[in-house]
file coords.cif (mmCIF, C-alpha atoms)
data_final
#
loop_
_atom_site.label_atom_id
_atom_site.label_comp_id
_atom_site.auth_asym_id
_atom_site.auth_seq_id
_atom_site.Cartn_x
_atom_site.Cartn_y
_atom_site.Cartn_z
CA MET L 1 -30.50 66.43 1.34
CA ARG L 2 -34.03 65.28 0.61
CA ALA L 3 -37.03 65.20 2.91
CA ASP L 4 -39.61 62.67 1.75
CA ARG L 5 -43.07 61.99 3.12
CA PRO L 6 -44.03 58.45 2.15
CA GLY L 7 -47.13 56.68 3.32
CA GLU L 8 -47.16 53.32 5.07
CA SER L 9 -44.74 51.67 2.66
CA GLU L 10 -41.00 52.21 2.49
CA ALA L 11 -39.81 55.48 0.97
CA VAL L 12 -38.68 55.72 -2.62
CA HIS L 13 -35.18 57.17 -2.69
CA GLU L 14 -35.06 58.12 -6.36
CA PRO L 15 -36.47 61.50 -7.44
CA ILE L 16 -39.96 60.82 -8.75
CA ALA L 17 -43.13 62.79 -9.31
CA ALA L 18 -45.20 63.16 -6.20
CA GLY L 19 -48.14 60.76 -6.06
CA ILE L 20 -51.38 60.81 -4.11
CA THR L 21 -52.09 57.08 -3.86
CA GLU L 22 -52.02 55.65 -0.35
CA GLY L 23 -48.72 53.90 0.29
CA GLU L 24 -46.82 55.97 -2.22
CA GLN L 25 -44.70 59.06 -1.89
CA VAL L 26 -46.98 62.07 -1.37
CA GLY L 27 -44.50 64.90 -1.01
CA LYS L 28 -40.87 65.71 -1.53
CA LEU L 29 -38.73 68.64 -0.45
CA VAL L 30 -35.20 69.09 -1.73
CA CYS L 31 -32.69 71.10 0.30
CA ASP L 32 -29.57 71.66 -1.81
CA ASP L 33 -28.68 75.28 -1.12
CA TYR L 34 -24.88 75.13 -0.82
CA THR L 35 -24.64 78.72 0.39
CA LEU L 36 -26.08 77.90 3.82
CA SER L 37 -23.86 77.59 6.87
CA PRO L 38 -24.31 74.47 9.06
CA LEU L 39 -26.46 76.47 11.50
CA GLU L 40 -28.63 77.84 8.70
CA LEU L 41 -28.92 74.42 7.06
CA ILE L 42 -30.20 72.73 10.23
CA ASP L 43 -32.67 75.59 10.79
CA ALA L 44 -33.83 75.45 7.16
CA VAL L 45 -34.61 71.73 7.34
CA TRP L 46 -36.37 72.10 10.69
CA MET L 47 -38.55 74.97 9.43
CA ALA L 48 -39.25 73.38 6.03
CA ILE L 49 -41.20 70.42 7.45
CA PRO L 50 -44.36 71.40 9.38
CA ASP L 51 -44.66 67.93 10.95
CA PHE L 52 -41.54 68.61 13.02
CA ARG L 53 -43.36 71.39 14.86
CA GLU L 54 -46.67 69.58 15.39
CA ASN L 55 -47.97 68.85 18.88
CA TYR L 56 -50.65 66.54 20.15
CA GLU L 57 -52.36 66.57 23.52
CA LEU L 58 -52.26 63.86 26.15
CA PRO L 59 -54.53 63.71 29.22
CA ASP L 60 -52.81 64.67 32.47
CA GLY L 61 -55.33 64.40 35.28
CA MET L 62 -57.81 67.28 34.92
CA PHE L 63 -55.61 68.96 32.32
CA ARG L 64 -54.04 68.10 28.98
CA THR L 65 -50.36 68.32 28.13
CA ALA L 66 -49.03 69.30 24.70
CA VAL L 67 -46.38 66.83 23.52
CA PRO L 68 -44.27 67.50 20.39
CA ALA L 69 -44.59 64.91 17.66
CA PHE L 70 -40.82 65.15 17.25
CA GLU L 71 -38.64 66.82 19.84
CA GLU L 72 -36.50 69.53 18.27
CA ALA L 73 -33.30 68.47 20.07
CA VAL L 74 -33.72 64.90 18.77
CA VAL L 75 -34.28 65.92 15.15
CA ARG L 76 -31.38 68.37 15.22
CA GLU L 77 -29.08 65.73 16.73
CA LEU L 78 -30.04 63.28 13.99
CA LEU L 79 -29.36 65.86 11.31
CA VAL L 80 -25.99 66.80 12.80
CA ASN L 81 -24.95 63.15 13.04
CA ALA L 82 -25.99 62.53 9.45
CA LEU L 83 -23.99 65.50 8.15
CA VAL L 84 -20.86 64.93 10.26
CA HIS L 85 -20.54 61.17 10.02
CA ARG L 86 -21.39 60.46 6.37
CA PRO L 87 -18.49 59.56 4.03
CA TYR L 88 -18.04 62.46 1.62
CA THR L 89 -16.00 60.33 -0.75
CA GLN L 90 -19.25 58.53 -1.63
CA ARG L 91 -22.02 60.15 -3.63
CA GLY L 92 -25.59 60.10 -2.40
CA ASP L 93 -28.25 62.16 -0.67
CA ILE L 94 -29.30 62.19 2.96
CA PHE L 95 -32.99 61.25 3.10
CA LEU L 96 -35.49 62.20 5.79
CA ASN L 97 -38.35 59.77 5.30
CA LEU L 98 -41.36 60.94 7.28
CA HIS L 99 -43.93 58.21 7.93
CA PRO L 100 -47.18 58.59 9.89
CA ASP L 101 -45.68 56.84 12.92
CA ARG L 102 -41.92 57.41 12.62
CA LEU L 103 -39.06 59.39 11.14
CA GLU L 104 -36.31 57.57 9.27
CA ILE L 105 -33.02 59.21 8.33
CA VAL L 106 -31.02 57.41 5.64
CA ASN L 107 -27.35 58.26 5.29
CA PRO L 108 -25.17 57.06 2.39
CA GLY L 109 -22.25 54.83 3.34
CA ARG L 110 -21.82 52.43 6.23
CA LEU L 111 -20.97 53.06 9.87
CA PRO L 112 -17.35 53.94 10.69
CA LEU L 113 -14.98 51.03 11.33
CA GLY L 114 -15.51 49.69 14.84
CA VAL L 115 -19.07 51.00 15.19
CA SER L 116 -22.08 48.71 14.81
CA PRO L 117 -25.82 48.99 15.57
CA ARG L 118 -25.14 46.99 18.76
CA ASN L 119 -22.48 49.29 20.26
CA ILE L 120 -23.40 52.69 18.80
CA LEU L 121 -24.53 53.95 22.21
CA HIS L 122 -20.99 53.67 23.61
CA VAL L 123 -18.54 53.70 20.70
CA SER L 124 -17.78 56.88 18.75
CA ARG L 125 -15.56 57.26 15.70
CA ARG L 126 -15.16 60.69 14.12
CA ARG L 127 -15.02 60.07 10.39
CA ASN L 128 -14.65 63.77 9.45
CA GLU L 129 -12.45 65.36 12.10
CA GLY L 130 -12.43 68.81 10.55
CA MET L 131 -16.19 68.98 10.15
CA ALA L 132 -16.70 67.65 13.69
CA ARG L 133 -14.50 70.49 14.96
CA VAL L 134 -16.56 73.09 13.06
CA PHE L 135 -19.88 71.70 14.33
CA HIS L 136 -18.49 71.57 17.86
CA ASP L 137 -17.30 75.18 17.72
CA LEU L 138 -20.76 76.22 16.49
CA GLY L 139 -22.32 74.49 19.51
CA LEU L 140 -24.08 71.90 17.35
CA MET L 141 -22.41 68.80 18.76
CA GLU L 142 -20.04 67.40 21.37
CA ARG L 143 -16.80 66.27 19.80
CA GLU L 144 -16.26 63.44 22.27
CA GLY L 145 -19.59 61.71 21.65
CA SER L 146 -21.79 60.53 18.81
CA GLY L 147 -24.91 62.06 20.32
CA PHE L 148 -26.74 58.74 20.55
CA ASP L 149 -26.71 58.92 24.33
CA LEU L 150 -28.72 62.15 24.01
CA LEU L 151 -31.15 60.43 21.62
CA TYR L 152 -31.65 57.55 24.06
CA GLU L 153 -32.17 59.92 26.97
CA ARG L 154 -34.65 62.26 25.23
CA LEU L 155 -36.69 59.50 23.57
CA LEU L 156 -36.91 57.23 26.61
CA ALA L 157 -37.59 60.07 29.05
CA SER L 158 -40.50 61.22 26.88
CA GLY L 159 -42.05 57.74 26.99
CA ARG L 160 -40.97 56.71 23.49
CA GLY L 161 -38.92 53.79 22.28
CA VAL L 162 -35.18 53.86 21.61
CA PRO L 163 -33.79 54.77 18.17
CA VAL L 164 -33.45 51.78 15.86
CA VAL L 165 -30.25 51.62 13.82
CA ARG L 166 -30.01 49.41 10.75
CA GLU L 167 -27.01 49.11 8.44
CA GLY L 168 -27.68 48.35 4.79
CA ALA L 169 -25.29 47.38 2.03
CA ASP L 170 -24.24 51.00 1.47
CA SER L 171 -26.43 53.02 3.81
CA VAL L 172 -27.30 53.56 7.47
CA HIS L 173 -30.93 53.88 8.57
CA VAL L 174 -31.88 55.48 11.92
CA THR L 175 -35.56 55.36 12.87
CA ILE L 176 -37.23 57.16 15.76
CA PRO L 177 -40.88 56.74 16.84
CA ARG L 178 -43.39 59.56 16.65
CA ARG L 179 -45.88 58.47 19.29
CA VAL L 180 -45.46 58.32 23.06
CA ILE L 181 -45.74 54.75 24.38
CA GLN L 182 -46.09 55.51 28.09
CA GLN L 183 -46.80 59.15 28.90
CA GLY L 184 -46.29 58.60 32.64
CA VAL L 185 -42.61 57.85 32.04
CA PHE L 186 -41.98 61.54 31.40
CA ARG L 187 -43.62 62.43 34.72
CA LEU L 188 -41.64 59.78 36.61
CA VAL L 189 -38.22 60.66 35.16
CA ALA L 190 -38.78 64.43 35.42
CA GLY L 191 -39.83 64.14 39.07
CA ALA L 192 -36.89 61.91 39.96
CA ASP L 193 -34.46 64.18 38.12
CA GLN L 194 -35.79 67.29 39.86
CA ARG L 195 -35.35 65.66 43.26
CA TYR L 196 -32.02 63.85 42.81
CA GLN L 197 -30.34 65.53 39.80
CA LEU L 198 -29.85 62.28 37.91
CA THR L 199 -27.04 61.72 35.47
CA GLN L 200 -27.78 61.03 31.82
CA ARG L 201 -27.05 57.33 32.33
CA GLU L 202 -29.40 57.17 35.29
CA ARG L 203 -32.22 58.82 33.36
CA ILE L 204 -31.79 56.31 30.54
CA ALA L 205 -31.79 53.31 32.91
CA LEU L 206 -34.78 54.57 34.91
CA ALA L 207 -36.83 55.26 31.77
CA LEU L 208 -36.00 51.82 30.38
CA LEU L 209 -37.16 50.09 33.56
CA ALA L 210 -40.27 52.26 33.85
CA GLN L 211 -41.39 51.19 30.36
CA THR L 212 -41.17 47.50 31.24
CA ASP L 213 -42.23 45.09 33.97
CA GLY L 214 -38.63 45.11 35.15
CA LEU L 215 -35.52 43.64 33.57
CA SER L 216 -33.02 41.03 34.63
CA ALA L 217 -29.44 42.23 35.07
CA ALA L 218 -28.49 40.47 31.83
CA LYS L 219 -31.42 41.92 29.91
CA LEU L 220 -30.75 45.43 31.21
CA ALA L 221 -27.12 45.13 30.09
CA GLU L 222 -28.31 43.98 26.67
CA ARG L 223 -30.71 46.92 26.33
CA LEU L 224 -27.88 49.28 27.33
CA GLU L 225 -25.58 47.60 24.78
CA LEU L 226 -23.18 46.44 27.51
CA GLU L 227 -21.28 43.18 27.23
CA ASP L 228 -21.21 42.40 30.97
CA PRO L 229 -24.15 42.82 33.43
CA ALA L 230 -21.64 44.12 36.00
CA ALA L 231 -20.98 47.08 33.69
CA SER L 232 -24.52 48.34 34.33
CA ARG L 233 -23.76 49.11 37.99
CA PRO L 234 -22.74 52.77 37.33
CA TRP L 235 -26.11 53.19 35.59
CA ILE L 236 -28.16 51.63 38.39
CA ASP L 237 -26.34 51.91 41.75
CA ARG L 238 -27.51 55.38 42.73
CA LEU L 239 -31.06 54.59 41.59
CA LEU L 240 -31.03 51.68 44.05
CA GLU L 241 -29.66 53.90 46.83
CA ARG L 242 -32.40 56.49 46.27
CA GLY L 243 -35.19 53.91 46.18
CA LEU L 244 -36.04 54.72 42.56
CA VAL L 245 -35.30 51.13 41.59
CA GLU L 246 -35.55 47.90 43.59
CA GLN L 247 -33.47 44.77 43.20
CA THR L 248 -34.85 41.26 43.61
CA GLY L 249 -33.00 37.98 43.41
CA ARG L 250 -29.28 37.47 43.41
CA GLY L 251 -26.53 36.33 41.09
CA ARG L 252 -27.82 35.43 37.66
CA GLY L 253 -31.37 35.82 38.95
CA THR L 254 -30.90 39.52 39.75
CA ARG L 255 -33.79 41.63 38.54
CA TYR L 256 -34.42 45.38 38.66
CA VAL L 257 -37.88 46.97 38.91
CA VAL L 258 -39.33 50.40 39.59
CA PRO L 259 -41.24 50.31 42.93
CA PRO L 260 -45.02 49.93 42.42
CA GLU L 261 -45.73 53.07 44.47
CA LEU L 262 -43.66 55.21 42.10
CA LEU L 263 -45.42 53.65 39.12
CA ARG L 264 -48.80 54.42 40.71
CA GLN L 265 -47.86 58.05 41.32
CA ALA L 266 -46.79 58.40 37.68
CA GLY L 267 -49.92 56.70 36.37
CA LEU L 268 -47.95 53.66 35.23
CA ASP L 269 -49.48 51.20 37.66
CA SER L 270 -51.25 49.43 34.80
CA LEU L 271 -47.82 47.99 34.00
CA THR L 272 -47.62 46.22 37.35
CA THR L 273 -47.91 42.46 36.93
CA LEU L 274 -46.64 39.38 38.71
CA THR L 275 -43.27 39.98 37.08
CA ARG L 276 -42.69 42.49 39.90
CA VAL L 277 -43.95 40.19 42.65
CA GLN L 278 -41.98 40.49 45.89
CA PRO L 279 -40.31 37.37 47.37
CA HIS L 280 -42.67 37.12 50.35
CA ARG L 281 -45.70 37.38 48.07
CA LEU L 282 -44.34 34.71 45.73
CA ARG L 283 -43.82 32.38 48.69
CA ALA L 284 -47.41 32.91 49.79
CA LEU L 285 -48.74 32.32 46.26
CA THR L 286 -46.69 29.12 45.94
CA LEU L 287 -47.88 27.69 49.27
CA GLU L 288 -51.49 28.62 48.49
CA ASP L 289 -51.28 26.95 45.09
CA LEU L 290 -49.83 23.73 46.50
CA ASP L 291 -52.46 23.62 49.24
CA ARG L 292 -55.03 23.42 46.47
CA PHE L 293 -53.03 21.26 44.05
CA PRO L 294 -50.54 19.10 46.00
CA ASP L 295 -48.05 16.83 44.21
CA SER L 296 -47.58 19.30 41.36
CA PRO L 297 -44.51 19.69 39.13
CA ILE L 298 -42.90 23.11 38.77
CA ALA L 299 -44.33 23.52 35.27
CA ASP L 300 -47.91 23.31 36.56
CA ILE L 301 -47.19 25.64 39.50
CA HIS L 302 -45.60 28.12 37.12
CA ARG L 303 -48.58 28.02 34.75
CA ARG L 304 -51.12 28.54 37.53
CA ILE L 305 -49.55 31.34 39.56
CA GLY L 306 -48.15 33.35 36.63
CA PRO L 307 -46.15 32.42 33.52
CA GLU L 308 -44.65 35.93 33.50
CA ILE L 309 -42.70 35.13 36.68
CA PRO L 310 -39.16 34.04 35.73
CA ARG L 311 -39.00 30.25 36.12
CA ARG L 312 -35.60 30.53 37.81
CA THR L 313 -37.14 32.76 40.48
CA LEU L 314 -39.92 30.24 41.15
CA ALA L 315 -37.40 27.38 41.29
CA ARG L 316 -35.35 29.26 43.90
CA THR L 317 -38.51 29.90 45.97
CA LEU L 318 -39.42 26.20 45.88
CA LYS L 319 -35.89 25.27 46.93
CA ASP L 320 -36.02 27.69 49.88
CA LEU L 321 -39.41 26.38 51.01
CA VAL L 322 -38.11 22.79 50.89
CA ALA L 323 -35.07 23.82 52.96
CA GLU L 324 -37.40 25.44 55.51
CA ASP L 325 -39.45 22.23 55.69
CA ARG L 326 -42.53 24.00 54.34
CA LEU L 327 -42.63 21.77 51.26
CA ARG L 328 -41.67 18.20 50.53
CA MET L 329 -39.95 17.35 47.25
CA GLU L 330 -40.39 13.86 45.77
CA GLY L 331 -38.90 12.43 42.60
CA ALA L 332 -36.05 13.79 40.52
CA ARG L 333 -35.61 15.99 37.48
CA LYS L 334 -38.74 16.15 35.32
CA TRP L 335 -40.59 13.81 37.68
CA THR L 336 -40.06 16.08 40.69
CA ARG L 337 -43.27 16.88 42.58
CA TYR L 338 -43.95 19.26 45.44
CA ARG L 339 -46.45 18.99 48.24
CA PRO L 340 -46.97 21.05 51.42
CA VAL L 341 -45.79 19.71 54.77
CA ALA L 342 -48.60 19.64 57.35
CA PRO L 343 -47.92 21.77 60.46
CA MET L 344 -48.19 18.75 62.78
CA GLU L 345 -45.70 16.81 60.69
CA ARG L 346 -43.35 19.76 60.63
CA ASP L 347 -43.53 20.11 64.43
CA ARG L 348 -42.93 16.38 64.87
CA ARG L 349 -39.83 16.53 62.66
CA ARG L 350 -38.49 19.46 64.61
CA GLY L 351 -39.02 17.56 67.86
CA GLU L 352 -37.01 14.63 66.55
#
call {"tool": "encode", "arguments": {"input": "coords.cif", "output": "structure tokens"}}
result
Amino acid sequence: MRADRPGESEAVHEPIAAGITEGEQVGKLVCDDYTLSPLELIDAVWMAIPDFRENYELPDGMFRTAVPAFEEAVVRELLVNALVHRPYTQRGDIFLNLHPDRLEIVNPGRLPLGVSPRNILHVSRRRNEGMARVFHDLGLMEREGSGFDLLYERLLASGRGVPVVREGADSVHVTIPRRVIQQGVFRLVAGADQRYQLTQRERIALALLAQTDGLSAAKLAERLELEDPAASRPWIDRLLERGLVEQTGRGRGTRYVVPPELLRQAGLDSLTTLTRVQPHRLRALTLEDLDRFPDSPIADIHRRIGPEIPRRTLARTLKDLVAEDRLRMEGARKWTRYRPVAPMERDRRRGE
């Protein structure tokens, strides 16, 4: 096992002399003591690299919070996965490539049959059954899972991005970020978990939504590596019941967002944009826009009130307003134009 510390460029995997030029390898540690037990080996790697134990401070109101550059449970899980799931019939070292902004673990061999970067969160194949049993008995891993659900949970809940898995011709690369993207996510998820005792799936889903301006049902399923949006219901249902997540739209237009008040309390309100706009507010914006610019196509309305609003959502709002006789629609297809119906005209039509 080798622990490399390259600069901004990709790591060099062949043993070379350490260089000092920016962009080149600046340090290399080799861990090849075959007398160590699995527990001792994991501890040795963790203790050998000072960066793993570094902290940096983030502002938290009047105070500052120390955040680890790399969470110990995440690094240990990556090491365990690399040791247990590599093919031992193939020669090659396990590389830990430490960059300024990320950690990359490179394992020789490809993923087990049936596992891909797109389903690794849900599919587990134990390539080395005997070794998996030993690591399980030592308390280093769960035999029934690959551990990637833990990586997702810990990284997302700490305000970082998800692990990125890439499969090469004869290697697997797993990259985790060093820096926190949204520090308020940790506060939000920790508070919700303390109050409602969330499941691991619920913590992952809540952290994903808190880091975004909301996700459609299809996009959430994609981020959770699920084939069907309906399969995300076990991840999201209880969050909806507890008011931790809100649902807008219906059918294919379903969208999930974290309520603005919860974002404000966690210091994430800077994320709030028109993507989270409530239906009644979107109706008001649409009517106000058409009062100023009557006879407008949907493309112009969309551009003026907020391109970040899903076009399908705006189209549904326009359709509802036409059905309520608040707007008049003229033309068809790309020549369709909308204009407001005057109150007097609307009252006259109702009288007829």
call {"tool": "resolve_selection", "arguments": {"input": "coords.cif", "expression": "the PyMOL selection byres ((chain L and resi 75) around 10)", "output": "compact mmCIF listing (two decimals) with C-alpha atoms, in the coordinates of the input"}}
result
# COMPACT_ATOMS: atom_id res chain seq x y z
CA ILE L 42 -30.20 72.73 10.23
CA VAL L 45 -34.61 71.73 7.34
CA TRP L 46 -36.37 72.10 10.69
CA PHE L 52 -41.54 68.61 13.02
CA PHE L 70 -40.82 65.15 17.25
CA GLU L 71 -38.64 66.82 19.84
CA GLU L 72 -36.50 69.53 18.27
CA ALA L 73 -33.30 68.47 20.07
CA VAL L 74 -33.72 64.90 18.77
CA ARG L 76 -31.38 68.37 15.22
CA GLU L 77 -29.08 65.73 16.73
CA LEU L 78 -30.04 63.28 13.99
CA LEU L 79 -29.36 65.86 11.31
CA VAL L 80 -25.99 66.80 12.80
CA ASN L 81 -24.95 63.15 13.04
CA LEU L 103 -39.06 59.39 11.14
CA ILE L 105 -33.02 59.21 8.33
CA LEU L 151 -31.15 60.43 21.62
CA ILE L 176 -37.23 57.16 15.76
call {"tool": "residues_around", "arguments": {"input": "coords.cif", "residues": "region 127-134 of chain L", "least_positions_apart": "2", "cutoff": "6 Å", "atoms": "only C-alpha atoms", "output": "number ranges by chain"}}
result
L: 85, 136-137
call {"tool": "residues_around", "arguments": {"input": "coords.cif", "residues": "region 224-233 of chain L", "least_positions_apart": "6", "cutoff": "12 Å", "atoms": "only C-alpha atoms", "output": "JSON, numbers by chain"}}
result
{"L": [116, 117, 118, 119, 120, 121, 122, 123, 148, 149, 152, 153, 162, 201, 202, 204, 205, 206, 207, 208, 209, 215, 216, 217, 218, 239, 240, 241, 247, 251, 252, 253, 254, 255, 256]}
call {"tool": "write_last_selection", "arguments": {"input": "coords.cif", "atoms": "C-alpha atoms", "output": "short mmCIF file (atom, residue, chain, number, x, y, z; two decimals), in the frame of the given file"}}
result
data_model
loop_
_atom_site.label_atom_id
_atom_site.label_comp_id
_atom_site.auth_asym_id
_atom_site.auth_seq_id
_atom_site.Cartn_x
_atom_site.Cartn_y
_atom_site.Cartn_z
CA SER L 116 -22.08 48.71 14.81
CA PRO L 117 -25.82 48.99 15.57
CA ARG L 118 -25.14 46.99 18.76
CA ASN L 119 -22.48 49.29 20.26
CA ILE L 120 -23.40 52.69 18.80
CA LEU L 121 -24.53 53.95 22.21
CA HIS L 122 -20.99 53.67 23.61
CA VAL L 123 -18.54 53.70 20.70
CA PHE L 148 -26.74 58.74 20.55
CA ASP L 149 -26.71 58.92 24.33
CA TYR L 152 -31.65 57.55 24.06
CA GLU L 153 -32.17 59.92 26.97
CA VAL L 162 -35.18 53.86 21.61
CA ARG L 201 -27.05 57.33 32.33
CA GLU L 202 -29.40 57.17 35.29
CA ILE L 204 -31.79 56.31 30.54
CA ALA L 205 -31.79 53.31 32.91
CA LEU L 206 -34.78 54.57 34.91
CA ALA L 207 -36.83 55.26 31.77
CA LEU L 208 -36.00 51.82 30.38
CA LEU L 209 -37.16 50.09 33.56
CA LEU L 215 -35.52 43.64 33.57
CA SER L 216 -33.02 41.03 34.63
CA ALA L 217 -29.44 42.23 35.07
CA ALA L 218 -28.49 40.47 31.83
CA LEU L 239 -31.06 54.59 41.59
CA LEU L 240 -31.03 51.68 44.05
CA GLU L 241 -29.66 53.90 46.83
CA GLN L 247 -33.47 44.77 43.20
CA GLY L 251 -26.53 36.33 41.09
CA ARG L 252 -27.82 35.43 37.66
CA GLY L 253 -31.37 35.82 38.95
CA THR L 254 -30.90 39.52 39.75
CA ARG L 255 -33.79 41.63 38.54
CA TYR L 256 -34.42 45.38 38.66
#
call {"tool": "atom_distance", "arguments": {"input": "coords.cif", "atom1": "CA of Pro112 (chain L)", "atom2": "CA of Val172 (chain L)"}}
result
10.5 Å
call {"tool": "atom_distance", "arguments": {"input": "coords.cif", "atom1": "CA of Thr286 (chain L)", "atom2": "CA of Leu268 (chain L)"}}
result
26.8 Å
call {"tool": "closest_residue", "arguments": {"input": "coords.cif", "among": "L:Asp213, L:Gln194, L:Val106, L:Leu285", "to": "Glu308 (chain L)", "atoms": "only C-alpha atoms"}}
result
L:Asp213
call {"tool": "closest_residue", "arguments": {"input": "coords.cif", "among": "L:Gln183, L:Glu167, L:Gly243, L:Gly161", "to": "Glu57 (chain L)", "atoms": "only C-alpha atoms"}}
result
L:Gln183
call {"tool": "residues_around", "arguments": {"input": "coords.cif", "residues": "Leu188 (chain L)", "least_positions_apart": "6", "cutoff": "9 Å", "atoms": "only C-alpha atoms", "output": "PyMOL selection string"}}
result
chain L and resi 157+206-207+210+262-263+265-268
call {"tool": "residues_around", "arguments": {"input": "coords.cif", "residues": "Arg125 (chain L)", "least_positions_apart": "3", "cutoff": "8 Å", "atoms": "all atoms listed in the file", "output": "list in words"}}
result
Pro112, Leu113, Gly114, Val115 and Ser146 of chain L
call {"tool": "closest_atom_pairs", "arguments": {"input": "coords.cif", "of": "region 231-257 of chain L", "to": "region 195-198 of chain L", "cutoff": "10 Å", "atoms": "all atoms listed in the file", "output": "JSON lines"}}
result
{"residue": "L:Arg238", "atom": "CA", "partner": "L:Leu198", "partner_atom": "CA", "distance": 8.7}
{"residue": "L:Leu239", "atom": "CA", "partner": "L:Leu198", "partner_atom": "CA", "distance": 8.6}
{"residue": "L:Arg242", "atom": "CA", "partner": "L:Tyr196", "partner_atom": "CA", "distance": 8.1}
{"residue": "L:Leu244", "atom": "CA", "partner": "L:Tyr196", "partner_atom": "CA", "distance": 10.0}
call {"tool": "resolve_selection", "arguments": {"input": "coords.cif", "expression": "the PyMOL selection byres ((chain L and resi 33) around 12)", "output": "VMD selection string"}}
result
chain L and resid 1 to 2 30 to 32 34 to 38 40 to 42 44 to 45
call {"tool": "atom_distance", "arguments": {"input": "coords.cif", "atom1": "CA of Pro100 (chain L)", "atom2": "CA of Gly184 (chain L)"}}
result
22.8 Å
call {"tool": "build_atoms", "arguments": {"input": "coords.cif", "residues": "region 116-128 of chain L", "atoms": "N, CA and C atoms", "output": "PDB file, in the frame of the given file"}}
result
ATOM      1  N   SER L 116     -21.023  49.570  15.320  1.00  0.00           N
ATOM      2  CA  SER L 116     -22.080  48.710  14.810  1.00  0.00           C
ATOM      3  C   SER L 116     -23.396  49.114  15.463  1.00  0.00           C
ATOM      4  N   PRO L 117     -24.538  48.667  14.928  1.00  0.00           N
ATOM      5  CA  PRO L 117     -25.820  48.990  15.570  1.00  0.00           C
ATOM      6  C   PRO L 117     -25.906  48.512  17.013  1.00  0.00           C
ATOM      7  N   ARG L 118     -25.064  47.541  17.410  1.00  0.00           N
ATOM      8  CA  ARG L 118     -25.140  46.990  18.760  1.00  0.00           C
ATOM      9  C   ARG L 118     -24.258  47.737  19.763  1.00  0.00           C
ATOM     10  N   ASN L 119     -23.337  48.571  19.303  1.00  0.00           N
ATOM     11  CA  ASN L 119     -22.480  49.290  20.260  1.00  0.00           C
ATOM     12  C   ASN L 119     -22.477  50.798  20.021  1.00  0.00           C
ATOM     13  N   ILE L 120     -23.428  51.281  19.198  1.00  0.00           N
ATOM     14  CA  ILE L 120     -23.400  52.690  18.800  1.00  0.00           C
ATOM     15  C   ILE L 120     -23.658  53.623  19.978  1.00  0.00           C
ATOM     16  N   LEU L 121     -24.274  53.116  21.044  1.00  0.00           N
ATOM     17  CA  LEU L 121     -24.530  53.950  22.210  1.00  0.00           C
ATOM     18  C   LEU L 121     -23.250  54.305  22.950  1.00  0.00           C
ATOM     19  N   HIS L 122     -22.203  53.473  22.823  1.00  0.00           N
ATOM     20  CA  HIS L 122     -20.990  53.670  23.610  1.00  0.00           C
ATOM     21  C   HIS L 122     -19.742  53.979  22.784  1.00  0.00           C
ATOM     22  N   VAL L 123     -19.737  53.565  21.520  1.00  0.00           N
ATOM     23  CA  VAL L 123     -18.540  53.700  20.700  1.00  0.00           C
ATOM     24  C   VAL L 123     -18.714  54.866  19.720  1.00  0.00           C
ATOM     25  N   SER L 124     -17.731  55.736  19.661  1.00  0.00           N
ATOM     26  CA  SER L 124     -17.780  56.880  18.750  1.00  0.00           C
ATOM     27  C   SER L 124     -16.512  56.930  17.913  1.00  0.00           C
ATOM     28  N   ARG L 125     -16.685  57.087  16.614  1.00  0.00           N
ATOM     29  CA  ARG L 125     -15.560  57.260  15.700  1.00  0.00           C
ATOM     30  C   ARG L 125     -15.834  58.493  14.846  1.00  0.00           C
ATOM     31  N   ARG L 126     -14.964  59.468  14.894  1.00  0.00           N
ATOM     32  CA  ARG L 126     -15.160  60.690  14.120  1.00  0.00           C
ATOM     33  C   ARG L 126     -14.581  60.485  12.722  1.00  0.00           C
ATOM     34  N   ARG L 127     -15.468  60.327  11.756  1.00  0.00           N
ATOM     35  CA  ARG L 127     -15.020  60.070  10.390  1.00  0.00           C
ATOM     36  C   ARG L 127     -14.465  61.338   9.743  1.00  0.00           C
ATOM     37  N   ASN L 128     -15.067  62.485  10.042  1.00  0.00           N
ATOM     38  CA  ASN L 128     -14.650  63.770   9.450  1.00  0.00           C
ATOM     39  C   ASN L 128     -14.225  64.704  10.572  1.00  0.00           C
TER      40      ASN L 128
END
